[in-house]
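Undergrad: My structure is in target.pdb, and what it holds is PDB, N, CA and C atoms:
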ATOM      1  N   MET M   1       1.322 -12.952 109.572
ATOM      2  CA  MET M   1       1.321 -14.215 108.877
ATOM      3  C   MET M   1       2.136 -15.219 109.693
ATOM      4  N   GLU M   2       1.626 -16.420 109.799
ATOM      5  CA  GLU M   2       2.316 -17.471 110.544
ATOM      6  C   GLU M   2       3.527 -17.970 109.758
ATOM      7  N   LYS M   3       4.628 -18.174 110.439
ATOM      8  CA  LYS M   3       5.846 -18.650 109.796
ATOM      9  C   LYS M   3       5.794 -20.170 109.663
ATOM     10  N   ASN M   4       6.194 -20.663 108.496
ATOM     11  CA  ASN M   4       6.253 -22.098 108.241
ATOM     12  C   ASN M   4       7.684 -22.435 107.849
ATOM     13  N   ASN M   5       8.387 -23.150 108.702
ATOM     14  CA  ASN M   5       9.794 -23.468 108.442
ATOM     15  C   ASN M   5       9.986 -24.507 107.347
ATOM     16  N   ARG M   6       8.896 -25.084 106.840
ATOM     17  CA  ARG M   6       9.016 -26.084 105.778
ATOM     18  C   ARG M   6       8.945 -25.459 104.393
ATOM     19  N   ILE M   7       8.656 -24.178 104.325
ATOM     20  CA  ILE M   7       8.561 -23.488 103.042
ATOM     21  C   ILE M   7       9.671 -22.448 102.971
ATOM     22  N   HIS M   8      10.452 -22.498 101.898
ATOM     23  CA  HIS M   8      11.571 -21.576 101.727
ATOM     24  C   HIS M   8      11.428 -20.866 100.382
ATOM     25  N   LEU M   9      11.513 -19.569 100.401
ATOM     26  CA  LEU M   9      11.438 -18.769  99.189
ATOM     27  C   LEU M   9      12.850 -18.359  98.792
ATOM     28  N   ILE M  10      13.226 -18.708  97.584
ATOM     29  CA  ILE M  10      14.532 -18.321  97.057
ATOM     30  C   ILE M  10      14.287 -17.205  96.049
ATOM     31  N   ILE M  11      14.779 -16.023  96.348
ATOM     32  CA  ILE M  11      14.587 -14.873  95.464
ATOM     33  C   ILE M  11      15.830 -14.716  94.600
ATOM     34  N   ARG M  12      15.603 -14.717  93.291
ATOM     35  CA  ARG M  12      16.710 -14.559  92.351
ATOM     36  C   ARG M  12      16.617 -13.184  91.709
ATOM     37  N   LYS M  13      17.748 -12.656  91.288
ATOM     38  CA  LYS M  13      17.788 -11.318  90.686
ATOM     39  C   LYS M  13      17.442 -11.421  89.203
ATOM     40  N   GLY M  14      16.340 -10.823  88.818
ATOM     41  CA  GLY M  14      15.971 -10.778  87.411
ATOM     42  C   GLY M  14      15.484 -12.108  86.875
ATOM     43  N   LYS M  15      15.239 -12.110  85.585
ATOM     44  CA  LYS M  15      14.751 -13.289  84.890
ATOM     45  C   LYS M  15      15.953 -14.073  84.370
ATOM     46  N   GLU M  16      16.264 -15.185  85.028
ATOM     47  CA  GLU M  16      17.462 -15.954  84.698
ATOM     48  C   GLU M  16      17.155 -17.261  83.978
ATOM     49  N   GLY M  17      15.897 -17.564  83.765
ATOM     50  CA  GLY M  17      15.532 -18.760  83.025
ATOM     51  C   GLY M  17      15.117 -19.920  83.909
ATOM     52  N   LEU M  18      14.334 -20.816  83.324
ATOM     53  CA  LEU M  18      13.796 -21.959  84.049
ATOM     54  C   LEU M  18      14.887 -22.952  84.451
ATOM     55  N   GLY M  19      15.825 -23.210  83.556
ATOM     56  CA  GLY M  19      16.895 -24.165  83.857
ATOM     57  C   GLY M  19      17.720 -23.751  85.063
ATOM     58  N   THR M  20      18.055 -22.481  85.148
ATOM     59  CA  THR M  20      18.830 -22.017  86.301
ATOM     60  C   THR M  20      17.982 -22.014  87.569
ATOM     61  N   ALA M  21      16.666 -21.852  87.420
ATOM     62  CA  ALA M  21      15.779 -21.941  88.590
ATOM     63  C   ALA M  21      15.811 -23.358  89.160
ATOM     64  N   TYR M  22      15.749 -24.358  88.283
ATOM     65  CA  TYR M  22      15.859 -25.750  88.735
ATOM     66  C   TYR M  22      17.188 -25.966  89.453
ATOM     67  N   CYS M  23      18.269 -25.530  88.817
ATOM     68  CA  CYS M  23      19.604 -25.729  89.404
ATOM     69  C   CYS M  23      19.719 -25.051  90.762
ATOM     70  N   THR M  24      19.185 -23.848  90.892
ATOM     71  CA  THR M  24      19.224 -23.133  92.168
ATOM     72  C   THR M  24      18.477 -23.908  93.244
ATOM     73  N   GLY M  25      17.290 -24.387  92.920
ATOM     74  CA  GLY M  25      16.496 -25.156  93.881
ATOM     75  C   GLY M  25      17.142 -26.474  94.253
ATOM     76  N   PHE M  26      17.652 -27.200  93.262
ATOM     77  CA  PHE M  26      18.308 -28.481  93.534
ATOM     78  C   PHE M  26      19.562 -28.277  94.383
ATOM     79  N   LYS M  27      20.335 -27.245  94.057
ATOM     80  CA  LYS M  27      21.547 -26.943  94.827
ATOM     81  C   LYS M  27      21.195 -26.626  96.278
ATOM     82  N   TYR M  28      20.141 -25.844  96.488
ATOM     83  CA  TYR M  28      19.695 -25.499  97.837
ATOM     84  C   TYR M  28      19.319 -26.766  98.609
ATOM     85  N   ALA M  29      18.578 -27.652  97.964
ATOM     86  CA  ALA M  29      18.157 -28.897  98.617
ATOM     87  C   ALA M  29      19.362 -29.767  98.968
ATOM     88  N   LEU M  30      20.319 -29.865  98.069
ATOM     89  CA  LEU M  30      21.520 -30.667  98.333
ATOM     90  C   LEU M  30      22.352 -30.067  99.463
ATOM     91  N   GLN M  31      22.505 -28.742  99.474
ATOM     92  CA  GLN M  31      23.281 -28.076 100.524
ATOM     93  C   GLN M  31      22.640 -28.239 101.900
ATOM     94  N   ASN M  32      21.336 -28.425 101.926
ATOM     95  CA  ASN M  32      20.619 -28.574 103.190
ATOM     96  C   ASN M  32      20.312 -30.030 103.530
ATOM     97  N   ASN M  33      20.932 -30.944 102.788
ATOM     98  CA  ASN M  33      20.835 -32.385 103.052
ATOM     99  C   ASN M  33      19.407 -32.916 103.105
ATOM    100  N   TYR M  34      18.554 -32.436 102.221
ATOM    101  CA  TYR M  34      17.188 -32.958 102.159
ATOM    102  C   TYR M  34      17.214 -34.386 101.625
ATOM    103  N   ASP M  35      16.311 -35.206 102.103
ATOM    104  CA  ASP M  35      16.235 -36.598 101.660
ATOM    105  C   ASP M  35      15.641 -36.722 100.265
ATOM    106  N   LEU M  36      14.721 -35.846  99.929
ATOM    107  CA  LEU M  36      14.037 -35.907  98.637
ATOM    108  C   LEU M  36      14.015 -34.536  97.981
ATOM    109  N   ILE M  37      14.021 -34.547  96.666
ATOM    110  CA  ILE M  37      13.834 -33.329  95.892
ATOM    111  C   ILE M  37      12.665 -33.589  94.953
ATOM    112  N   ILE M  38      11.656 -32.748  95.035
ATOM    113  CA  ILE M  38      10.487 -32.882  94.172
ATOM    114  C   ILE M  38      10.336 -31.592  93.388
ATOM    115  N   GLN M  39      10.253 -31.707  92.078
ATOM    116  CA  GLN M  39      10.047 -30.547  91.213
ATOM    117  C   GLN M  39       8.648 -30.668  90.627
ATOM    118  N   ILE M  40       7.869 -29.609  90.744
ATOM    119  CA  ILE M  40       6.508 -29.601  90.212
ATOM    120  C   ILE M  40       6.203 -28.209  89.675
ATOM    121  N   ASP M  41       5.497 -28.141  88.557
ATOM    122  CA  ASP M  41       5.173 -26.851  87.958
ATOM    123  C   ASP M  41       4.053 -26.154  88.726
ATOM    124  N   ALA M  42       4.164 -24.862  88.871
ATOM    125  CA  ALA M  42       3.176 -24.074  89.610
ATOM    126  C   ALA M  42       1.859 -23.932  88.858
ATOM    127  N   ASP M  43       1.846 -24.205  87.548
ATOM    128  CA  ASP M  43       0.603 -24.074  86.782
ATOM    129  C   ASP M  43      -0.278 -25.315  86.880
ATOM    130  N   LEU M  44       0.106 -26.249  87.752
ATOM    131  CA  LEU M  44      -0.633 -27.490  87.999
ATOM    132  C   LEU M  44      -0.688 -28.410  86.784
ATOM    133  N   SER M  45       0.257 -28.258  85.845
ATOM    134  CA  SER M  45       0.336 -29.219  84.752
ATOM    135  C   SER M  45       0.887 -30.547  85.264
ATOM    136  N   HIS M  46       1.469 -30.541  86.454
ATOM    137  CA  HIS M  46       1.799 -31.765  87.189
ATOM    138  C   HIS M  46       0.758 -31.898  88.292
ATOM    139  N   ASN M  47       0.259 -33.099  88.497
ATOM    140  CA  ASN M  47      -0.789 -33.320  89.488
ATOM    141  C   ASN M  47      -0.176 -33.437  90.883
ATOM    142  N   PRO M  48      -0.466 -32.503  91.795
ATOM    143  CA  PRO M  48       0.097 -32.570  93.152
ATOM    144  C   PRO M  48      -0.269 -33.853  93.890
ATOM    145  N   ALA M  49      -1.383 -34.484  93.523
ATOM    146  CA  ALA M  49      -1.786 -35.734  94.172
ATOM    147  C   ALA M  49      -0.778 -36.852  93.916
ATOM    148  N   ASP M  50       0.013 -36.739  92.853
ATOM    149  CA  ASP M  50       1.020 -37.761  92.545
ATOM    150  C   ASP M  50       2.199 -37.732  93.511
ATOM    151  N   ILE M  51       2.382 -36.644  94.233
ATOM    152  CA  ILE M  51       3.530 -36.511  95.134
ATOM    153  C   ILE M  51       3.551 -37.628  96.171
ATOM    154  N   ILE M  52       2.421 -37.935  96.759
ATOM    155  CA  ILE M  52       2.356 -38.978  97.791
ATOM    156  C   ILE M  52       2.791 -40.320  97.215
ATOM    157  N   ARG M  53       2.304 -40.639  96.018
ATOM    158  CA  ARG M  53       2.667 -41.905  95.366
ATOM    159  C   ARG M  53       4.169 -41.957  95.062
ATOM    160  N   LEU M  54       4.736 -40.843  94.621
ATOM    161  CA  LEU M  54       6.163 -40.795  94.315
ATOM    162  C   LEU M  54       7.010 -40.926  95.580
ATOM    163  N   ILE M  55       6.579 -40.297  96.665
ATOM    164  CA  ILE M  55       7.307 -40.408  97.936
ATOM    165  C   ILE M  55       7.301 -41.852  98.425
ATOM    166  N   GLU M  56       6.176 -42.534  98.284
ATOM    167  CA  GLU M  56       6.097 -43.948  98.682
ATOM    168  C   GLU M  56       7.080 -44.790  97.876
ATOM    169  N   LYS M  57       7.157 -44.568  96.581
ATOM    170  CA  LYS M  57       8.093 -45.313  95.722
ATOM    171  C   LYS M  57       9.542 -44.992  96.084
ATOM    172  N   ALA M  58       9.809 -43.762  96.507
ATOM    173  CA  ALA M  58      11.174 -43.349  96.858
ATOM    174  C   ALA M  58      11.696 -44.091  98.082
ATOM    175  N   LYS M  59      10.809 -44.656  98.874
ATOM    176  CA  LYS M  59      11.243 -45.415 100.051
ATOM    177  C   LYS M  59      11.965 -46.697  99.662
ATOM    178  N   THR M  60      11.688 -47.213  98.463
ATOM    179  CA  THR M  60      12.296 -48.479  98.033
ATOM    180  C   THR M  60      13.087 -48.355  96.733
ATOM    181  N   HIS M  61      13.248 -47.144  96.224
ATOM    182  CA  HIS M  61      13.989 -46.932  94.980
ATOM    183  C   HIS M  61      14.936 -45.743  95.142
ATOM    184  N   ASP M  62      16.056 -45.781  94.419
ATOM    185  CA  ASP M  62      17.029 -44.687  94.470
ATOM    186  C   ASP M  62      16.579 -43.467  93.673
ATOM    187  N   LEU M  63      15.835 -43.690  92.602
ATOM    188  CA  LEU M  63      15.382 -42.605  91.737
ATOM    189  C   LEU M  63      13.946 -42.881  91.325
ATOM    190  N   VAL M  64      13.095 -41.878  91.439
ATOM    191  CA  VAL M  64      11.696 -41.995  91.033
ATOM    192  C   VAL M  64      11.392 -40.828  90.110
ATOM    193  N   ILE M  65      10.842 -41.139  88.947
ATOM    194  CA  ILE M  65      10.499 -40.103  87.977
ATOM    195  C   ILE M  65       9.031 -40.252  87.608
ATOM    196  N   GLY M  66       8.295 -39.177  87.697
ATOM    197  CA  GLY M  66       6.912 -39.165  87.228
ATOM    198  C   GLY M  66       6.878 -38.529  85.852
ATOM    199  N   SER M  67       6.127 -39.119  84.955
ATOM    200  CA  SER M  67       6.035 -38.581  83.600
ATOM    201  C   SER M  67       4.590 -38.566  83.136
ATOM    202  N   ARG M  68       4.212 -37.511  82.479
ATOM    203  CA  ARG M  68       2.856 -37.426  81.941
ATOM    204  C   ARG M  68       2.705 -38.255  80.678
ATOM    205  N   TYR M  69       3.767 -38.915  80.221
ATOM    206  CA  TYR M  69       3.719 -39.679  78.974
ATOM    207  C   TYR M  69       3.714 -41.190  79.180
ATOM    208  N   ILE M  70       3.776 -41.677  80.409
ATOM    209  CA  ILE M  70       3.839 -43.120  80.643
ATOM    210  C   ILE M  70       2.572 -43.810  80.153
ATOM    211  N   THR M  71       1.426 -43.264  80.441
ATOM    212  CA  THR M  71       0.155 -43.863  80.014
ATOM    213  C   THR M  71      -0.515 -42.981  78.971
ATOM    214  N   GLY M  72       0.242 -42.553  77.990
ATOM    215  CA  GLY M  72      -0.288 -41.610  77.017
ATOM    216  C   GLY M  72      -0.111 -40.201  77.552
ATOM    217  N   VAL M  73      -0.608 -39.236  76.845
ATOM    218  CA  VAL M  73      -0.476 -37.843  77.266
ATOM    219  C   VAL M  73      -1.495 -37.557  78.362
ATOM    220  N   ASN M  74      -1.029 -36.993  79.472
ATOM    221  CA  ASN M  74      -1.902 -36.718  80.608
ATOM    222  C   ASN M  74      -1.661 -35.294  81.102
ATOM    223  N   VAL M  75      -2.123 -34.327  80.331
ATOM    224  CA  VAL M  75      -1.996 -32.925  80.727
ATOM    225  C   VAL M  75      -3.356 -32.251  80.589
ATOM    226  N   ILE M  76      -3.528 -31.186  81.316
ATOM    227  CA  ILE M  76      -4.799 -30.472  81.316
ATOM    228  C   ILE M  76      -4.581 -29.060  80.780
ATOM    229  N   ASN M  77      -5.445 -28.638  79.887
ATOM    230  CA  ASN M  77      -5.464 -27.264  79.357
ATOM    231  C   ASN M  77      -4.193 -26.858  78.619
ATOM    232  N   TRP M  78      -3.572 -27.781  77.918
ATOM    233  CA  TRP M  78      -2.416 -27.441  77.103
ATOM    234  C   TRP M  78      -2.846 -27.327  75.652
ATOM    235  N   PRO M  79      -2.403 -26.286  74.944
ATOM    236  CA  PRO M  79      -2.687 -26.216  73.510
ATOM    237  C   PRO M  79      -1.884 -27.288  72.768
ATOM    238  N   MET M  80      -2.382 -27.692  71.607
ATOM    239  CA  MET M  80      -1.742 -28.753  70.823
ATOM    240  C   MET M  80      -0.274 -28.426  70.539
ATOM    241  N   ARG M  81       0.039 -27.167  70.274
ATOM    242  CA  ARG M  81       1.427 -26.783  69.982
ATOM    243  C   ARG M  81       2.355 -27.111  71.153
ATOM    244  N   ARG M  82       1.894 -26.825  72.375
ATOM    245  CA  ARG M  82       2.716 -27.105  73.560
ATOM    246  C   ARG M  82       2.858 -28.614  73.776
ATOM    247  N   LEU M  83       1.784 -29.365  73.553
ATOM    248  CA  LEU M  83       1.849 -30.825  73.673
ATOM    249  C   LEU M  83       2.880 -31.397  72.704
ATOM    250  N   LEU M  84       2.822 -30.949  71.460
ATOM    251  CA  LEU M  84       3.739 -31.442  70.441
ATOM    252  C   LEU M  84       5.182 -31.075  70.769
ATOM    253  N   LEU M  85       5.409 -29.846  71.199
ATOM    254  CA  LEU M  85       6.757 -29.411  71.571
ATOM    255  C   LEU M  85       7.297 -30.237  72.738
ATOM    256  N   SER M  86       6.471 -30.456  73.748
ATOM    257  CA  SER M  86       6.885 -31.231  74.914
ATOM    258  C   SER M  86       7.196 -32.675  74.528
ATOM    259  N   TYR M  87       6.333 -33.273  73.718
ATOM    260  CA  TYR M  87       6.551 -34.655  73.286
ATOM    261  C   TYR M  87       7.850 -34.773  72.492
ATOM    262  N   CYS M  88       8.073 -33.854  71.568
ATOM    263  CA  CYS M  88       9.292 -33.889  70.743
ATOM    264  C   CYS M  88      10.545 -33.667  71.590
ATOM    265  N   ALA M  89      10.480 -32.763  72.553
ATOM    266  CA  ALA M  89      11.633 -32.522  73.430
ATOM    267  C   ALA M  89      11.956 -33.764  74.247
ATOM    268  N   ASN M  90      10.931 -34.454  74.728
ATOM    269  CA  ASN M  90      11.158 -35.682  75.484
ATOM    270  C   ASN M  90      11.729 -36.782  74.599
ATOM    271  N   TRP M  91      11.216 -36.905  73.384
ATOM    272  CA  TRP M  91      11.748 -37.897  72.448
ATOM    273  C   TRP M  91      13.223 -37.598  72.155
ATOM    274  N   TYR M  92      13.539 -36.334  71.933
ATOM    275  CA  TYR M  92      14.917 -35.923  71.659
ATOM    276  C   TYR M  92      15.832 -36.269  72.836
ATOM    277  N   ALA M  93      15.384 -35.979  74.056
ATOM    278  CA  ALA M  93      16.192 -36.274  75.247
ATOM    279  C   ALA M  93      16.405 -37.777  75.399
ATOM    280  N   ARG M  94      15.350 -38.570  75.171
ATOM    281  CA  ARG M  94      15.498 -40.033  75.260
ATOM    282  C   ARG M  94      16.473 -40.544  74.216
ATOM    283  N   THR M  95      16.378 -40.014  73.004
ATOM    284  CA  THR M  95      17.251 -40.445  71.915
ATOM    285  C   THR M  95      18.698 -40.046  72.186
ATOM    286  N   LEU M  96      18.899 -38.825  72.627
ATOM    287  CA  LEU M  96      20.244 -38.312  72.875
ATOM    288  C   LEU M  96      20.928 -39.030  74.035
ATOM    289  N   THR M  97      20.199 -39.259  75.111
ATOM    290  CA  THR M  97      20.791 -39.878  76.303
ATOM    291  C   THR M  97      20.724 -41.399  76.288
ATOM    292  N   ARG M  98      19.913 -41.942  75.396
ATOM    293  CA  ARG M  98      19.689 -43.395  75.318
ATOM    294  C   ARG M  98      19.149 -43.961  76.625
ATOM    295  N   VAL M  99      18.396 -43.135  77.333
ATOM    296  CA  VAL M  99      17.741 -43.556  78.571
ATOM    297  C   VAL M  99      16.258 -43.727  78.252
ATOM    298  N   PRO M 100      15.745 -44.957  78.361
ATOM    299  CA  PRO M 100      14.351 -45.212  77.960
ATOM    300  C   PRO M 100      13.334 -44.776  79.010
ATOM    301  N   ILE M 101      13.257 -43.494  79.276
ATOM    302  CA  ILE M 101      12.282 -42.969  80.237
ATOM    303  C   ILE M 101      11.117 -42.388  79.456
TER     304      ILE M 101
END
Do you think you could lay out the structure here as structure tokens?
TA:
Amino acid sequence: MEKNNRIHLIIRKGKEGLGTAYCTGFKYALQNNYDLIIQIDADLSHNPADIIRLIEKAKTHDLVIGSRYITGVNVINWPMRRLLLSYCANWYARTLTRVPI
């Protein structure tokens, strides 16, 4: 198999949860002085085509956030229960932090 130095696999011991997976990845990126950190779900519930648009915006902004809720709900193959849970969690986070994202 050909080696690709742009792809790094971080192996964690056991099932430690999604939140700690994010923290591990973000910490790795910060320790290696990466210019950008992009988080995307492997189940393609985030559209990989949006990455290029977000990178372009990052050239002129300090923080760029993509959301599936900006123009209504934009997810594929999610059951209604998951949509409702995700929407409520986002509403709760906006209310708690008072950040209108």
Undergrad: Could you write out, as an MDAnalysis selection string, all the residues of chain M that DSSP marks as helix (DSSP H, G or I)?
TA: chainID M and resid 18:31 50:58 80:97
Undergrad: How many Å separate atom N of Gly25 of chain M from atom N of Ile10 of chain M?
TA: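 Interatomic distance, atom N of Gly25 of chain M to atom N of Ile10 of chain M: 8.4 Å.
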Undergrad: Which residues are near Ile38 of chain M? Cut-off 8 Å, only C-alpha atoms, ignore same chain within fewer than 2 positions. Put them as a list of chain:residue names.
TA: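 That gives M:Leu36, M:Ile40, M:Ile51.
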Undergrad: Atom N of Tyr28 of chain M and atom CA of Ile52 of chain M, how far apart in Å?
TA: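 According to the coordinates, atom CA of Ile52 of chain M and atom N of Tyr28 of chain M are separated by 22.1 Å.
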Undergrad: Would you mind reading off the distance between atom CA of Ser67 of chain M and atom CA of Asn5 of chain M, one decimal, in Å?
TA: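 Taking atom CA of Ser67 of chain M as the start and atom CA of Asn5 of chain M as the end point, the length is 29.3 Å.
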Undergrad: Edge lengths and centre in Å to one decimal, as JSON, of the axis-aligned box that encloses all listed atoms of segment 33-41 of chain M with 4 Å added on every side?
TA:
{"center_x": 12.5, "center_y": -31.4, "center_z": 95.5, "size_x": 24.9, "size_y": 18.6, "size_z": 23.1}
Undergrad: May I have the residues within 12 Å of Asp43 of chain M as a list in words, using only C-alpha atoms and disregarding those fewer than 2 positions away in the same chain?
TA: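 The residues that qualify are Ile40, Asp41, Ser45, His46, Asn47, Pro48, Val75, Ile76, Asn77 and Trp78 of chain M.
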